[in-house]
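> Structure below; questions to follow.
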Amino acid sequence: MKENKILIAYATMSGSTQEIAEFVANEFNHLGQSVELRPCREVNDLNSFSGVVIGAPIYMFHLHKEAQRFLKHHHKSLAGLPVAVFAGGPYGPNAAQDALEVRKNLDNELAKFVWLKPVSIQLVGGRFDPELLRFPYNLIPALKQAPANDARNWEEMRAWVQCLPALLACPKQPALG
């Protein structure tokens with residue numbers, strides 16, 4: 001029998017999406033929801049979960065490869081569960097304008113999984129730190145010289161998470177103590 005436990009699975013490039021996933025998990029805990037937080041690559045099965053929140057960055061126009069693998073590997077289970085998706089991407093001085101393009105990229109990436117019908121999709125701002133660039137991106141001079149920036153809106157994310165229990169149809173757990 002499935003518990004009323006939500007899996008929060010994430011893929012990350014430089015830790016920003018992990019920080020968002022941790023924030024989402026903490027907000028669920030404040031709402032009295034049981035959650036498990038795991039990197040996408042460490043999830044073996046979904047049998048004990050009543051819903052899933054997947055987080056991944058959109059990077060170079062595509063959803064992080066670990067998130068794509070997660071969706072492919074667990075497609076049968078995910079097709080029968082309520083799923084919410086968040087993606088990080090836009091950052092920098094043009095984050096608001098870039099959000100439209102990033103959302104279009106996210107929608108295009110999710111459309112590849114025709115069976116996936118998310119109950120909610122949230123685009124969150126991203127964080128960029130040139131010090132955290134990995135190969136091959138650390139070889140691109142324009143990226144190495146770009147200023148650090150954080151366009152994540154924590155209050156907007158909090159409001160989104162507060163809507164998720166109803167969308168994921170998971171009743172509140174009784175308070176302990």
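FYI, nothing fancy with the structure tokens labels: chains A, B, ... in order, residues from 1 per chain, ligands from 1 as they appear.
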From stretch 76-165 of chain A, collect each residue whose DSSP state is strand (DSSP E) and return the set as a VMD selection string.

chain A and resid 83 to 88 120 to 124 127 to 128 149 to 150

> Counting only C-alpha atoms, what is within 7 Å of stretch 106-114 of chain A, bar same-chain residues fewer than 4 positions away, as a ChimeraX atom specification?

/A:58,62-63,102

> Could you tell me which of A:Ala146, A:Leu139, A:Ala169, A:Ile20 comes closest to A:Ala87 if we count only C-alpha atoms?

A:Ile20

> Tell me, as a list in words, which residues lie within 9 Å of A:Ala11, counting only C-alpha atoms; anything in the same chain fewer than 4 positions away does not count.

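Those residues are Gly15, Thr17, Gln18, Pro39, Cys40, Arg41, Ile54, Gly55, Ala56, Pro57, His64, Lys65, Glu66 and Ala67 of chain A.
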
> Need to verify the contact set: A:Ala148, 10 Å, only C-alpha atoms, exclusion of same-chain residues closer than 3 positions in sequence. Can you return it as a compact mmCIF listing (two decimals) with N, CA and C atoms, in the first residue's frame?


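Written output follows (selection.txt):
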```
# COMPACT_ATOMS: atom_id res chain seq x y z
N TYR A 91 18.15 33.62 -15.77
CA TYR A 91 18.89 34.38 -14.77
C TYR A 91 19.49 35.59 -15.47
N GLY A 92 20.07 36.46 -14.73
CA GLY A 92 20.73 37.62 -15.32
C GLY A 92 19.79 38.79 -15.48
N ARG A 127 20.16 30.37 -11.07
CA ARG A 127 21.33 30.99 -10.47
C ARG A 127 22.51 30.70 -11.39
N PHE A 128 23.36 31.70 -11.57
CA PHE A 128 24.55 31.50 -12.37
C PHE A 128 25.75 31.99 -11.58
N ASP A 129 26.77 31.15 -11.51
CA ASP A 129 28.02 31.52 -10.87
C ASP A 129 29.14 30.99 -11.75
N PRO A 130 29.90 31.88 -12.39
CA PRO A 130 30.96 31.41 -13.29
C PRO A 130 32.00 30.53 -12.60
N GLU A 131 32.13 30.67 -11.28
CA GLU A 131 33.07 29.84 -10.53
C GLU A 131 32.65 28.37 -10.48
N LEU A 132 31.37 28.11 -10.74
CA LEU A 132 30.85 26.74 -10.65
C LEU A 132 30.74 26.06 -12.01
N LEU A 143 31.09 33.03 -20.90
CA LEU A 143 30.48 32.51 -19.68
C LEU A 143 31.38 32.74 -18.47
N LYS A 144 32.68 32.52 -18.66
CA LYS A 144 33.61 32.71 -17.54
C LYS A 144 33.64 34.16 -17.06
N GLN A 145 33.36 35.11 -17.97
CA GLN A 145 33.42 36.53 -17.62
C GLN A 145 32.07 37.10 -17.20
```

> Write out as a list in words all residues of stretch 131-172 of chain A that DSSP puts in helix (DSSP H, G or I) for this structure's backbone.

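In stretch 131-172 of chain A, DSSP puts these residues in helix (DSSP H, G or I): Glu131, Leu132, Tyr137, Asn138, Leu139, Pro141, Ala142, Leu143, Lys144, Gln145, Trp154, Glu155, Glu156, Met157, Arg158, Ala159, Trp160, Val161, Gln162, Cys163, Leu164, Pro165, Ala166 and Leu167 of chain A.
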
> Interatomic distance between atom CA of A:Glu155 and atom CA of A:Val124?

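Separating atom CA of A:Glu155 from atom CA of A:Val124 is a distance of 10.8 Å.
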
> Tell me, as a list in words, which residues lie within 6 Å of A:Ile8, counting only C-alpha atoms; anything in the same chain fewer than 2 positions away does not count.

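So the residues in contact are Leu37, Val52, Val53 and Ile54 of chain A.
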
> Could you please take those selected residues and save C-alpha atoms as a PDB file, in the first residue's frame?


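Listing of result_12.pdb after writing:
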```
ATOM      1  CA  LEU A  37      14.176  14.187  -1.369  1.00  0.00           C
ATOM      2  CA  VAL A  52       6.136  13.169  -7.481  1.00  0.00           C
ATOM      3  CA  VAL A  53       7.710  16.595  -7.863  1.00  0.00           C
ATOM      4  CA  ILE A  54      10.510  16.665 -10.431  1.00  0.00           C
TER       5      ILE A  54
END
```

> A:Gly88, A:Gly126, A:Pro165, A:Gly80: which is nearest A:Val35, counting only C-alpha atoms?

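Nearest to A:Val35: A:Pro165.
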
> Please report the interatomic distance between atom CA of A:Gln97 and atom CA of A:Arg158 in Å with one decimal.

22.2 Å

> Between atom CA of A:Phe61 and atom CA of A:Gly89, what is the distance, to one decimal in Å?

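Straight-line distance from atom CA of A:Phe61 to atom CA of A:Gly89 works out to 9.2 Å.
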
> Just checking: using only C-alpha atoms, which residue out of A:Leu168, A:Leu7, A:Ile140, A:Val24 ends up closest to A:Asn44?

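Going through A:Leu168, A:Leu7, A:Ile140, A:Val24 one by one, the smallest distance to A:Asn44 is for A:Leu7.
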
> From the set A:Pro82, A:Pro136, A:Gly32, A:Gly51, which residue has the shortest atom-to-atom contact distance to A:Leu116, counting only C-alpha atoms?

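The shortest atom-to-atom distance to A:Leu116 comes from A:Pro82.
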
> Taking only C-alpha atoms into account, which of A:Leu71, A:Ile6, A:Leu78, A:Leu123 comes nearest A:Ala99?

A:Leu123

> Please list as a PyMOL selection string every residue within 9 Å of A:Trp115, counting only C-alpha atoms and excluding residues in the same chain fewer than 6 positions away.

chain A and resi 75-76+78-79

> Looking at only C-alpha atoms, which of A:Ala151, A:Met60, A:Leu46, A:Leu100 is the one that sits closest to A:His73?

A:Leu46
